[in-house]
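Have a look at start.cif below; it lists mmCIF, C-alpha atoms.
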data_entry
loop_
_atom_site.label_atom_id
_atom_site.label_comp_id
_atom_site.auth_asym_id
_atom_site.auth_seq_id
_atom_site.Cartn_x
_atom_site.Cartn_y
_atom_site.Cartn_z
CA MET K 1 -137.43 -37.52 -32.21
CA ARG K 2 -136.99 -35.93 -28.79
CA VAL K 3 -136.02 -32.29 -28.46
CA GLY K 4 -134.05 -31.60 -25.32
CA SER K 5 -131.47 -29.22 -23.97
CA THR K 6 -128.03 -29.31 -22.45
CA ILE K 7 -127.13 -27.47 -19.29
CA VAL K 8 -123.48 -26.81 -18.60
CA LEU K 9 -122.92 -26.91 -14.85
CA LEU K 10 -119.74 -26.01 -13.03
CA ASP K 11 -119.20 -25.33 -9.32
CA GLY K 12 -122.92 -25.10 -8.74
CA TYR K 13 -123.77 -22.58 -11.48
CA CYS K 14 -124.99 -22.86 -15.06
CA TYR K 15 -123.08 -21.42 -18.00
CA GLN K 16 -123.41 -20.90 -21.69
CA SER K 17 -120.35 -22.54 -23.11
CA TYR K 18 -118.68 -21.46 -26.36
CA GLN K 19 -116.65 -24.12 -28.17
CA TRP K 20 -115.89 -25.67 -24.79
CA LYS K 21 -113.51 -22.79 -24.12
CA MET K 22 -115.39 -19.71 -22.91
CA MET K 23 -118.11 -19.63 -20.29
CA ARG K 24 -120.86 -17.07 -19.81
CA PRO K 25 -122.85 -17.33 -16.56
CA LEU K 26 -126.54 -18.20 -16.89
CA GLY K 27 -127.55 -18.47 -13.25
CA LYS K 28 -128.95 -20.99 -10.84
CA LEU K 29 -129.65 -24.56 -11.88
CA GLN K 30 -133.24 -24.74 -10.62
CA ARG K 31 -134.19 -21.53 -12.43
CA VAL K 32 -132.76 -22.76 -15.73
CA ILE K 33 -134.53 -26.12 -15.35
CA ASP K 34 -137.84 -24.43 -14.47
CA SER K 35 -137.66 -22.39 -17.66
CA LEU K 36 -136.95 -25.42 -19.81
CA GLU K 37 -139.69 -27.43 -18.13
CA ALA K 38 -142.23 -24.64 -18.67
CA TYR K 39 -141.56 -24.95 -22.40
CA HIS K 40 -142.10 -28.73 -22.37
CA CYS K 41 -138.51 -29.58 -23.09
CA ASP K 42 -138.41 -33.38 -23.64
CA GLU K 43 -135.24 -34.03 -21.67
CA ILE K 44 -132.33 -32.22 -20.06
CA SER K 45 -128.70 -33.29 -19.99
CA ILE K 46 -126.65 -31.70 -17.24
CA ILE K 47 -123.01 -31.78 -18.21
CA ARG K 48 -120.02 -30.73 -16.16
CA PRO K 49 -117.39 -29.45 -18.65
CA ILE K 50 -114.55 -30.87 -16.62
CA ARG K 51 -110.95 -31.29 -17.60
CA ILE K 52 -107.90 -33.06 -16.19
CA ASN K 53 -107.95 -30.91 -13.03
CA ASP K 54 -111.48 -31.83 -11.89
CA SER K 55 -111.59 -32.08 -8.12
CA GLU K 56 -113.65 -34.14 -5.71
CA GLU K 57 -114.70 -30.91 -4.00
CA SER K 58 -116.08 -29.45 -7.24
CA PHE K 59 -117.86 -32.72 -8.04
CA LYS K 60 -119.51 -32.85 -4.62
CA LYS K 61 -120.55 -29.19 -4.88
CA ASP K 62 -122.38 -29.90 -8.14
CA ILE K 63 -123.95 -33.07 -6.71
CA GLU K 64 -125.36 -31.04 -3.82
CA LYS K 65 -126.97 -28.63 -6.29
CA ILE K 66 -128.47 -31.48 -8.32
CA LYS K 67 -129.78 -33.16 -5.18
CA LYS K 68 -131.94 -30.10 -4.54
CA ILE K 69 -133.51 -30.00 -8.00
CA ASN K 70 -137.27 -30.38 -8.09
CA CYS K 71 -138.34 -31.16 -11.63
CA MET K 72 -140.57 -33.49 -13.62
CA THR K 73 -138.52 -33.61 -16.81
CA PRO K 74 -136.18 -36.53 -17.57
CA LEU K 75 -132.65 -35.69 -16.48
CA SER K 76 -129.30 -37.16 -17.33
CA PHE K 77 -126.04 -36.19 -15.70
CA GLY K 78 -122.39 -36.58 -16.50
CA GLY K 79 -118.93 -35.08 -16.31
CA GLY K 80 -116.56 -36.47 -13.72
CA LEU K 81 -118.01 -39.99 -13.33
CA ARG K 82 -114.61 -41.57 -13.08
CA ASP K 83 -114.73 -44.09 -10.22
CA PHE K 84 -117.08 -46.19 -8.09
CA LYS K 85 -117.13 -43.53 -5.36
CA ASN K 86 -118.58 -40.99 -7.82
CA ILE K 87 -121.34 -43.43 -8.81
CA ASP K 88 -122.25 -44.15 -5.19
CA LEU K 89 -122.94 -40.45 -4.67
CA LEU K 90 -125.63 -40.48 -7.36
CA HIS K 91 -128.19 -42.81 -5.84
CA ASP K 92 -130.15 -40.11 -4.07
CA LEU K 93 -130.35 -37.73 -7.03
CA PRO K 94 -133.43 -36.93 -9.13
CA ILE K 95 -131.74 -38.23 -12.30
CA GLU K 96 -132.53 -41.26 -14.43
CA ARG K 97 -129.58 -41.52 -16.76
CA LEU K 98 -125.84 -41.24 -16.42
CA ILE K 99 -123.44 -39.86 -19.00
CA PHE K 100 -119.96 -41.37 -19.27
CA SER K 101 -117.23 -40.10 -21.54
CA SER K 102 -113.69 -40.94 -20.41
CA ALA K 103 -114.82 -44.35 -19.13
CA PHE K 104 -116.03 -45.34 -22.61
CA ILE K 105 -113.08 -43.82 -24.42
CA ASN K 106 -110.62 -45.53 -22.04
CA LYS K 107 -112.59 -48.81 -22.23
CA ASP K 108 -113.23 -48.77 -18.48
CA PHE K 109 -116.27 -51.02 -18.76
CA LYS K 110 -116.00 -52.10 -15.10
CA LEU K 111 -117.20 -48.63 -14.17
CA THR K 112 -120.10 -48.63 -16.63
CA GLU K 113 -121.03 -52.15 -15.49
CA TYR K 114 -121.10 -50.97 -11.88
CA ALA K 115 -123.42 -48.13 -12.88
CA ARG K 116 -125.56 -50.53 -14.94
CA ASN K 117 -126.15 -52.70 -11.87
CA LEU K 118 -127.44 -49.70 -9.93
CA PHE K 119 -129.28 -47.77 -12.63
CA GLY K 120 -129.95 -50.33 -15.39
CA GLN K 121 -128.66 -50.61 -18.95
CA GLN K 122 -131.30 -48.13 -20.20
CA ALA K 123 -129.62 -45.47 -18.05
CA ILE K 124 -126.15 -45.61 -19.57
CA GLN K 125 -125.27 -42.90 -22.07
CA CYS K 126 -121.94 -42.26 -23.73
CA LEU K 127 -120.76 -38.74 -24.50
CA LEU K 128 -118.37 -38.29 -27.40
CA PRO K 129 -117.20 -34.65 -27.61
CA PHE K 130 -115.82 -34.35 -31.13
CA THR K 131 -114.29 -32.01 -33.64
CA ILE K 132 -113.76 -32.55 -37.36
CA GLU K 133 -110.69 -31.03 -38.95
CA ASP K 134 -109.47 -31.80 -42.45
CA ASN K 135 -112.02 -34.60 -42.62
CA LEU K 136 -110.50 -36.26 -39.57
CA ILE K 137 -112.71 -36.93 -36.55
CA LYS K 138 -111.12 -36.38 -33.17
CA ILE K 139 -112.64 -37.13 -29.79
CA PHE K 140 -111.91 -35.09 -26.68
CA LEU K 141 -110.57 -37.14 -23.79
CA SER K 142 -111.34 -34.94 -20.80
CA ASN K 143 -109.28 -36.75 -18.19
CA GLU K 144 -106.14 -36.15 -20.32
CA ASP K 145 -107.22 -32.78 -21.77
CA LYS K 146 -106.55 -33.75 -25.39
CA PHE K 147 -108.20 -34.79 -28.62
CA ILE K 148 -107.49 -38.31 -29.89
CA PRO K 149 -108.22 -39.84 -33.31
CA ILE K 150 -111.49 -41.70 -33.42
CA GLU K 151 -109.65 -44.74 -34.77
CA ASP K 152 -108.11 -45.18 -31.28
CA MET K 153 -111.52 -45.95 -29.85
CA ASP K 154 -113.48 -49.19 -29.69
CA LEU K 155 -116.75 -47.99 -31.22
CA ALA K 156 -118.19 -51.51 -31.38
CA ALA K 157 -117.79 -51.90 -27.60
CA ILE K 158 -119.31 -48.46 -27.02
CA ASN K 159 -122.24 -49.40 -29.24
CA GLU K 160 -122.74 -52.56 -27.21
CA ASN K 161 -122.39 -51.01 -23.75
CA ALA K 162 -124.20 -47.70 -24.15
CA ASN K 163 -127.95 -47.34 -24.43
CA GLU K 164 -127.53 -44.05 -26.31
CA ILE K 165 -124.58 -42.05 -27.59
CA ILE K 166 -124.36 -38.25 -27.45
CA LEU K 167 -122.30 -36.72 -30.26
CA TYR K 168 -121.24 -33.29 -29.01
CA ASP K 169 -119.79 -30.93 -31.59
CA THR K 170 -117.32 -28.92 -29.51
CA LYS K 171 -116.10 -26.72 -32.37
CA ASN K 172 -119.59 -25.47 -33.20
CA GLU K 173 -121.03 -25.34 -29.72
CA SER K 174 -123.20 -22.28 -29.18
CA ALA K 175 -123.35 -21.44 -32.89
CA SER K 176 -126.61 -21.73 -34.81
CA ASN K 177 -127.19 -24.48 -37.39
CA GLN K 178 -123.52 -25.38 -37.40
CA PHE K 179 -123.61 -28.94 -36.05
CA ASP K 180 -121.37 -30.97 -38.34
CA GLU K 181 -123.66 -33.72 -39.62
CA GLN K 182 -120.83 -35.54 -41.41
CA ILE K 183 -120.20 -37.44 -38.21
CA ILE K 184 -123.55 -39.22 -38.34
CA ASN K 185 -122.63 -40.92 -41.60
CA LYS K 186 -119.04 -41.59 -40.64
CA LEU K 187 -119.75 -43.56 -37.48
CA ASN K 188 -121.02 -47.09 -37.85
CA ILE K 189 -123.67 -46.76 -35.11
CA ASP K 190 -127.46 -47.16 -35.40
CA ASN K 191 -128.98 -43.71 -35.88
CA GLU K 192 -131.75 -44.55 -33.42
CA LYS K 193 -129.08 -44.67 -30.71
CA LEU K 194 -127.69 -41.23 -31.50
CA ILE K 195 -128.27 -37.95 -29.71
CA ILE K 196 -126.68 -34.90 -31.29
CA SER K 197 -125.67 -31.66 -29.64
CA GLY K 198 -123.50 -28.59 -30.16
CA GLY K 199 -124.61 -25.89 -32.59
CA ILE K 200 -128.05 -27.36 -33.23
CA GLY K 201 -130.53 -25.11 -35.03
CA HIS K 202 -133.81 -25.44 -36.94
CA LEU K 203 -132.06 -26.42 -40.18
CA ASN K 204 -130.12 -29.22 -38.47
CA ILE K 205 -133.32 -30.55 -36.94
CA LYS K 206 -135.17 -30.57 -40.26
CA LYS K 207 -132.38 -32.62 -41.82
CA VAL K 208 -131.74 -35.10 -39.01
CA LYS K 209 -135.44 -35.85 -38.49
CA ARG K 210 -135.27 -37.85 -41.71
CA LYS K 211 -132.31 -39.80 -40.37
CA ASN K 212 -134.26 -41.29 -37.46
CA ILE K 213 -131.99 -39.78 -34.79
CA ALA K 214 -133.12 -40.45 -31.19
CA SER K 215 -132.80 -36.91 -29.90
CA VAL K 216 -131.33 -33.45 -30.38
CA LEU K 217 -130.03 -31.38 -27.49
CA ILE K 218 -130.07 -27.64 -28.00
CA ASP K 219 -127.42 -25.54 -26.31
CA ASN K 220 -128.73 -23.58 -23.36
CA LYS K 221 -128.24 -19.94 -24.28
CA VAL K 222 -128.40 -16.67 -22.47
CA LEU K 223 -130.79 -15.18 -25.03
CA HIS K 224 -133.28 -17.96 -24.36
CA LYS K 225 -134.18 -18.55 -28.00
CA GLU K 226 -133.76 -22.23 -27.19
CA TYR K 227 -136.86 -22.07 -25.04
CA SER K 228 -139.23 -22.01 -27.98
CA ILE K 229 -139.04 -25.79 -28.03
CA LYS K 230 -142.34 -25.98 -29.94
CA GLY K 231 -140.70 -24.17 -32.81
CA TYR K 232 -138.04 -26.87 -32.98
CA LYS K 233 -140.57 -29.68 -32.72
CA ASN K 234 -142.61 -28.34 -35.60
CA GLY K 235 -139.57 -27.32 -37.59
CA MET D 1 -152.20 -39.79 4.67
CA PHE D 2 -148.60 -40.31 3.63
CA VAL D 3 -146.85 -42.45 1.04
CA ASP D 4 -144.05 -44.93 1.71
CA ILE D 5 -141.34 -45.06 -0.97
CA VAL D 6 -139.21 -48.20 -0.97
CA ASP D 7 -135.49 -47.38 -1.13
CA ILE D 8 -133.14 -50.29 -1.73
CA GLY D 9 -130.27 -48.20 -3.02
CA SER D 10 -131.27 -47.83 -6.66
CA GLY D 11 -131.67 -44.57 -8.55
CA ASN D 12 -134.12 -41.67 -8.72
CA ILE D 13 -135.87 -42.01 -5.31
CA LYS D 14 -135.72 -38.23 -5.03
CA SER D 15 -137.77 -37.80 -8.22
CA ILE D 16 -140.55 -40.00 -6.85
CA GLN D 17 -140.52 -38.02 -3.63
CA ASN D 18 -140.71 -34.67 -5.48
CA TRP D 19 -143.54 -35.98 -7.67
CA ILE D 20 -145.79 -37.04 -4.79
CA GLU D 21 -145.01 -34.01 -2.67
CA ARG D 22 -146.05 -31.75 -5.58
CA VAL D 23 -149.66 -32.64 -4.69
CA ASN D 24 -148.95 -31.86 -1.03
CA ILE D 25 -148.93 -35.44 0.21
CA PRO D 26 -146.05 -36.24 2.57
CA THR D 27 -143.72 -39.13 1.82
CA ARG D 28 -141.40 -41.38 3.82
CA ILE D 29 -138.35 -43.10 2.41
CA VAL D 30 -138.40 -46.67 3.68
CA THR D 31 -135.13 -48.58 3.86
CA ASN D 32 -136.31 -51.19 6.38
CA VAL D 33 -139.45 -53.34 6.13
CA LYS D 34 -140.25 -52.61 9.77
CA ASP D 35 -140.87 -48.99 8.79
CA ILE D 36 -143.64 -49.73 6.28
CA LYS D 37 -146.68 -48.05 7.73
CA SER D 38 -148.55 -46.38 4.90
CA LYS D 39 -151.58 -47.80 3.08
CA PHE D 40 -149.98 -46.68 -0.17
CA MET D 41 -146.53 -47.85 -1.16
CA VAL D 42 -144.39 -46.99 -4.22
CA LEU D 43 -141.87 -49.43 -5.64
CA PRO D 44 -139.61 -47.21 -7.79
CA GLY D 45 -137.87 -48.44 -10.85
CA VAL D 46 -134.49 -47.30 -12.07
CA GLY D 47 -132.12 -50.23 -12.06
CA SER D 48 -131.28 -53.65 -13.41
CA ALA D 49 -133.59 -56.62 -12.64
CA GLY D 50 -131.01 -59.03 -11.15
CA PRO D 51 -129.29 -56.74 -8.64
CA TYR D 52 -132.60 -54.98 -7.86
CA MET D 53 -134.42 -58.22 -6.96
CA LYS D 54 -131.41 -59.39 -4.98
CA ARG D 55 -131.55 -56.25 -2.86
CA LEU D 56 -135.33 -56.52 -2.45
CA LYS D 57 -134.93 -60.08 -1.15
CA LYS D 58 -131.98 -59.22 1.05
CA GLY D 59 -134.12 -56.66 2.88
CA ASP D 60 -137.15 -59.01 2.95
CA PHE D 61 -139.06 -56.45 0.90
CA ASP D 62 -140.46 -59.17 -1.39
CA LYS D 63 -142.34 -60.75 1.50
CA ALA D 64 -143.30 -57.39 3.00
CA ILE D 65 -144.78 -56.25 -0.33
CA LEU D 66 -146.93 -59.41 -0.60
CA GLU D 67 -148.10 -58.90 2.98
CA HIS D 68 -148.86 -55.23 2.31
CA VAL D 69 -151.02 -56.11 -0.71
CA ASN D 70 -152.73 -59.10 0.97
CA ASP D 71 -153.74 -56.78 3.80
CA GLY D 72 -155.67 -54.73 1.23
CA ASN D 73 -153.20 -51.87 0.95
CA ARG D 74 -152.28 -50.33 -2.38
CA ILE D 75 -148.98 -50.48 -4.24
CA LEU D 76 -147.70 -48.63 -7.28
CA GLY D 77 -144.80 -50.16 -9.21
CA ILE D 78 -142.92 -47.93 -11.64
CA CYS D 79 -140.85 -49.17 -14.62
CA LEU D 80 -138.55 -51.86 -13.18
CA GLY D 81 -140.59 -51.82 -9.95
CA PHE D 82 -143.64 -52.63 -12.10
CA GLN D 83 -141.83 -55.31 -14.11
CA LEU D 84 -140.73 -57.13 -10.94
CA MET D 85 -144.33 -57.28 -9.73
CA GLY D 86 -144.76 -59.91 -12.48
CA GLU D 87 -143.77 -63.58 -12.33
CA PHE D 88 -140.54 -63.63 -14.30
CA SER D 89 -138.12 -61.34 -16.10
CA LYS D 90 -135.72 -62.44 -18.82
CA GLU D 91 -133.32 -59.61 -17.92
CA ASP D 92 -129.93 -60.53 -16.41
CA GLY D 93 -130.25 -64.18 -17.44
CA GLY D 94 -133.67 -64.67 -15.80
CA VAL D 95 -135.06 -63.29 -12.55
CA GLU D 96 -138.07 -64.49 -10.57
CA GLY D 97 -140.47 -61.64 -9.76
CA ILE D 98 -142.75 -61.01 -6.80
CA GLY D 99 -145.75 -62.52 -8.61
CA LEU D 100 -148.45 -59.94 -7.90
CA ILE D 101 -149.47 -59.91 -11.57
CA LYS D 102 -149.46 -62.89 -13.95
CA GLY D 103 -147.10 -62.01 -16.73
CA SER D 104 -143.48 -61.93 -17.77
CA VAL D 105 -140.88 -59.44 -18.92
CA GLU D 106 -138.96 -59.81 -22.18
CA LYS D 107 -136.53 -57.80 -24.32
CA LEU D 108 -138.41 -55.41 -26.59
CA LYS D 109 -138.84 -56.83 -30.08
CA ASN D 110 -137.55 -55.03 -33.19
CA THR D 111 -135.71 -52.33 -31.28
CA HIS D 112 -132.90 -52.14 -28.77
CA THR D 113 -134.61 -49.57 -26.57
CA HIS D 114 -137.68 -47.39 -26.11
CA ASN D 115 -136.74 -43.94 -24.87
CA GLY D 116 -139.17 -41.11 -25.37
CA TRP D 117 -142.65 -39.76 -25.07
CA GLU D 118 -145.93 -41.42 -26.03
CA LYS D 119 -149.45 -40.00 -26.07
CA PHE D 120 -151.53 -40.98 -23.07
CA HIS D 121 -155.30 -41.05 -22.75
CA LEU D 122 -157.13 -42.33 -19.69
CA MET D 123 -160.77 -42.23 -18.64
CA LYS D 124 -161.38 -42.90 -14.99
CA GLU D 125 -164.68 -44.63 -15.80
CA ASP D 126 -162.75 -47.37 -17.63
CA LEU D 127 -161.03 -48.30 -14.38
CA GLY D 128 -164.23 -49.13 -12.51
CA GLU D 129 -163.95 -49.40 -8.75
CA SER D 130 -160.26 -50.11 -8.99
CA SER D 131 -157.12 -48.92 -7.35
CA PHE D 132 -157.63 -45.39 -8.72
CA SER D 133 -159.76 -44.72 -5.69
CA SER D 134 -159.04 -41.00 -5.36
CA GLU D 135 -159.59 -41.32 -1.65
CA LEU D 136 -158.27 -37.80 -1.06
CA LYS D 137 -160.18 -36.25 -3.97
CA LEU D 138 -157.23 -34.17 -5.08
CA THR D 139 -158.73 -33.64 -8.51
CA ARG D 140 -162.12 -33.61 -10.19
CA LYS D 141 -160.61 -34.63 -13.50
CA ARG D 142 -162.05 -37.81 -15.00
CA ILE D 143 -160.08 -37.73 -18.24
CA ILE D 144 -156.34 -37.44 -18.75
CA ASN D 145 -155.07 -36.45 -22.19
CA GLY D 146 -151.35 -35.96 -22.21
CA ARG D 147 -148.02 -37.67 -22.75
CA VAL D 148 -145.81 -39.91 -20.67
CA PHE D 149 -142.09 -40.65 -20.70
CA TYR D 150 -140.58 -44.12 -21.25
CA ASN D 151 -137.01 -45.33 -20.77
CA HIS D 152 -136.72 -49.11 -20.99
CA GLU D 153 -135.24 -52.02 -22.94
CA TYR D 154 -137.62 -54.70 -21.59
CA GLY D 155 -141.42 -54.87 -21.71
CA PHE D 156 -144.16 -56.46 -19.62
CA VAL D 157 -146.34 -59.10 -21.35
CA LEU D 158 -149.55 -59.58 -19.37
CA ASP D 159 -150.93 -63.10 -19.00
CA GLU D 160 -154.24 -62.62 -17.19
CA GLU D 161 -157.43 -60.59 -17.23
CA CYS D 162 -156.97 -57.47 -15.13
CA THR D 163 -159.26 -54.61 -14.17
CA TYR D 164 -157.40 -52.46 -16.66
CA ASN D 165 -154.60 -52.99 -19.13
CA LYS D 166 -153.33 -50.32 -21.47
CA ILE D 167 -150.76 -51.01 -24.19
CA ILE D 168 -147.84 -48.66 -24.78
CA SER D 169 -148.64 -47.77 -28.40
CA ASP D 170 -149.39 -49.43 -31.76
CA LYS D 171 -145.67 -50.00 -32.26
CA TYR D 172 -145.29 -51.60 -28.81
CA SER D 173 -148.69 -53.26 -28.67
CA ASP D 174 -147.38 -56.48 -27.07
CA TYR D 175 -146.39 -54.61 -23.93
CA SER D 176 -148.35 -53.09 -21.08
CA SER D 177 -148.07 -49.42 -20.25
CA LEU D 178 -150.49 -49.32 -17.32
CA ILE D 179 -152.01 -52.24 -15.44
CA VAL D 180 -154.53 -52.04 -12.64
CA LYS D 181 -155.32 -55.23 -10.75
CA ASN D 182 -157.44 -54.56 -7.68
CA ASN D 183 -155.09 -52.77 -5.26
CA VAL D 184 -152.03 -53.15 -7.50
CA ILE D 185 -151.01 -50.52 -10.08
CA GLY D 186 -148.14 -50.94 -12.51
CA MET D 187 -146.73 -48.27 -14.81
CA GLN D 188 -144.07 -48.94 -17.42
CA PHE D 189 -143.54 -45.22 -18.03
CA HIS D 190 -142.11 -42.75 -15.52
CA PRO D 191 -145.03 -40.70 -14.14
CA GLU D 192 -142.58 -38.80 -11.93
CA LYS D 193 -140.93 -37.48 -15.12
CA SER D 194 -144.04 -37.00 -17.22
CA GLN D 195 -144.62 -33.34 -16.42
CA GLU D 196 -148.33 -32.31 -16.15
CA THR D 197 -149.61 -35.80 -17.00
CA GLY D 198 -147.67 -37.18 -14.07
CA ILE D 199 -149.33 -34.68 -11.73
CA ASP D 200 -152.78 -35.53 -13.13
CA LEU D 201 -152.11 -39.23 -12.57
CA ILE D 202 -150.99 -39.02 -8.97
CA SER D 203 -153.86 -36.64 -8.16
CA MET D 204 -156.30 -39.19 -9.57
CA ILE D 205 -154.70 -42.18 -7.81
CA LEU D 206 -154.40 -40.70 -4.33
#
What does the file become when written as structure tokens?
Amino acid sequence: MRVGSTIVLLDGYCYQSYQWKMMRPLGKLQRVIDSLEAYHCDEISIIRPIRINDSEESFKKDIEKIKKINCMTPLSFGGGLRDFKNIDLLHDLPIERLIFSSAFINKDFKLTEYARNLFGQQAIQCLLPFTIEDNLIKIFLSNEDKFIPIEDMDLAAINENANEIILYDTKNESASNQFDEQIINKLNIDNEKLIISGGIGHLNIKKVKRKNIASVLIDNKVLHKEYSIKGYKNG
Amino acid sequence: MFVDIVDIGSGNIKSIQNWIERVNIPTRIVTNVKDIKSKFMVLPGVGSAGPYMKRLKKGDFDKAILEHVNDGNRILGICLGFQLMGEFSKEDGGVEGIGLIKGSVEKLKNTHTHNGWEKFHLMKEDLGESSFSSELKLTRKRIINGRVFYNHEYGFVLDEECTYNKIISDKYSDYSSLIVKNNVIGMQFHPEKSQETGIDLISMIL
């Protein structure tokens, strides 16, 4: 199982995000990546926590920052990949994998197919930001700024079109050991395709290791406890 | 010395450039075959076999690569770039490769994908007088003990005796991880994203 980290990036700067609502500045992207790389982080997912009002200007600003990254750790990037124009801007970036959320939820497989032709099927990841309330799973649809019931989604098509699926617990993001593992059993998706994130701690990792999960992504925090990646690997 | 990196519009060119420049060797991004001038070329590999080969052919890079190798120059193919140096790939309904190495590419058995890190051990002695010529003597290391990063759904099945052929792991023993055939090097993993091991490798190759 890989042990990676998420980086929340908005308007060129990194943040620690709390429950996808509050943001605490962490600093420059290259500095955060350097720190994670020094601790042999297995992979890094750069996510733009965008909402309905995402702008082309903000997207381009973040792309410019990513273009300048110099790193030797596998990178994925997502948040705002909503049309062909966005995908075309990615070709010159030091990233290997792309993260789509709204496209998968809205069944816009033309967009993911376009990306597949440029980056390959192994590069396509699906992000499902979720919350569980009263035993009901809801998925956040960022381009409409709302949670929708998971039953409204075509999970079989997502399973077929995505190489890996990131389950992002928005309610427990930034908390320790609070990732809601119920979701792993409730979705009918191969565990070896799943990446989990949002509130991951040592206890979560111990448990999910037995479930043959592909990867865990630890929230990037201002206190830098997440940097003792070795501790997580041997946990 | 400088390194030419083939750019046909697929992903992660910048990572390859960063990787090579970390050992202080300049690079040039080549989008036109007329601009190929280096004795060492990199064929990067993030993409899908069908569209990738189509773009290679459209720019006449397939012929230029053969010419480059026949003239005794070295080439390094990475991931998809490596796979398309073979004869045939089953990806995208079947794609004819460049044919620098006898072998074919098939969907990985018993799994839908192979994403992650594998242990990597390499002794320079095992490679003989091969493409790991270390012309620039960037390192004195003769042994690499580290880990490398994979991200692929298809694997390369070698069909000839080469100077060197290393399998991915016991689980993926049908598939090649690193092939050296005279002046041709193929890597299924991503050395440009393999942290220290990637640096050790490029220092040893150049």
Please evaluate the PyMOL selection byres ((chain K) within 10 of (chain D)) against the displayed coordinates and give the resulting residues as an MDAnalysis selection string. chainID K and resid 1:3 37:38 40:43 67:75 88 90:97 115:123 163:164 190 192:193 214:215
Kindly resolve the PyMOL selection byres ((chain D and resi 105) around 10) on the present coordinates and return the residues as a PyMOL selection string. chain D and resi 80+83-84+86-91+94-95+97+103-104+106-108+154-158+175
Just write the chosen residues, C-alpha atoms, as a short mmCIF file (atom, residue, chain, number, x, y, z; two decimals), in the frame of the given file.
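Output below, filename again-v7.cif:
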data_model
loop_
_atom_site.label_atom_id
_atom_site.label_comp_id
_atom_site.auth_asym_id
_atom_site.auth_seq_id
_atom_site.Cartn_x
_atom_site.Cartn_y
_atom_site.Cartn_z
CA LEU D 80 -138.55 -51.86 -13.18
CA GLN D 83 -141.83 -55.31 -14.11
CA LEU D 84 -140.73 -57.13 -10.94
CA GLY D 86 -144.76 -59.91 -12.48
CA GLU D 87 -143.77 -63.58 -12.33
CA PHE D 88 -140.54 -63.63 -14.30
CA SER D 89 -138.12 -61.34 -16.10
CA LYS D 90 -135.72 -62.44 -18.82
CA GLU D 91 -133.32 -59.61 -17.92
CA GLY D 94 -133.67 -64.67 -15.80
CA VAL D 95 -135.06 -63.29 -12.55
CA GLY D 97 -140.47 -61.64 -9.76
CA GLY D 103 -147.10 -62.01 -16.73
CA SER D 104 -143.48 -61.93 -17.77
CA GLU D 106 -138.96 -59.81 -22.18
CA LYS D 107 -136.53 -57.80 -24.32
CA LEU D 108 -138.41 -55.41 -26.59
CA TYR D 154 -137.62 -54.70 -21.59
CA GLY D 155 -141.42 -54.87 -21.71
CA PHE D 156 -144.16 -56.46 -19.62
CA VAL D 157 -146.34 -59.10 -21.35
CA LEU D 158 -149.55 -59.58 -19.37
CA TYR D 175 -146.39 -54.61 -23.93
#
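Every protein or nucleic acid residue with an atom no more than 12 Å from Thr31 (chain D), counting only C-alpha atoms and leaving out same-chain residues fewer than 2 positions away, appears here: D:Asp4, D:Ile5, D:Val6, D:Asp7, D:Ile8, D:Gly9, D:Ser10, D:Ile13, D:Arg28, D:Ile29, D:Val33, D:Lys34, D:Asp35, D:Ile36, D:Leu43, D:Arg55, D:Leu56, D:Lys58, D:Gly59, D:Asp60, D:Phe61.
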Could you state which residues are captured by the PyMOL selection byres ((chain K and resi 53) around 10) in this file, as a PDB file with C-alpha atoms, in the coordinates of the input?
ATOM      1  CA  ILE K  50    -114.550 -30.870 -16.620  1.00  0.00           C
ATOM      2  CA  ARG K  51    -110.950 -31.290 -17.600  1.00  0.00           C
ATOM      3  CA  ILE K  52    -107.900 -33.060 -16.190  1.00  0.00           C
ATOM      4  CA  ASP K  54    -111.480 -31.830 -11.890  1.00  0.00           C
ATOM      5  CA  SER K  55    -111.590 -32.080  -8.120  1.00  0.00           C
ATOM      6  CA  GLU K  56    -113.650 -34.140  -5.710  1.00  0.00           C
ATOM      7  CA  SER K 142    -111.340 -34.940 -20.800  1.00  0.00           C
ATOM      8  CA  ASN K 143    -109.280 -36.750 -18.190  1.00  0.00           C
ATOM      9  CA  GLU K 144    -106.140 -36.150 -20.320  1.00  0.00           C
ATOM     10  CA  ASP K 145    -107.220 -32.780 -21.770  1.00  0.00           C
TER      11      ASP K 145
END
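CA of Ser76 (chain K) is found 12.4 Å from CA of Ile33 (chain K).
With only C-alpha atoms as the atoms that count, the minimum distance from Phe189 (chain D) to the choices D:Ser133, D:Arg142, D:Cys79, D:Glu118 is reached by D:Cys79.
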Using all atoms listed in the file, determine which residues lie at most 9 Å from Val3 (chain D), disregarding the query and same-chain residues fewer than 4 positions distant; provide the list as a ChimeraX atom specification. /D:20,25-29,37-42
Atom-to-atom span, CA of Glu161 (chain D) and CA of Asn182 (chain D), Å: 11.3 Å
Ala175 (chain K): which residues within 12 Å, counting only C-alpha atoms, same-chain residues fewer than 6 positions away excluded, as a list of chain:residue names? K:Gln16, K:Ser17, K:Tyr18, K:Gln19, K:Trp20, K:Asp169, K:Ser197, K:Gly198, K:Gly199, K:Ile200, K:Gly201, K:His202, K:Asn204, K:Ile218, K:Asp219, K:Asn220, K:Lys221, K:Glu226
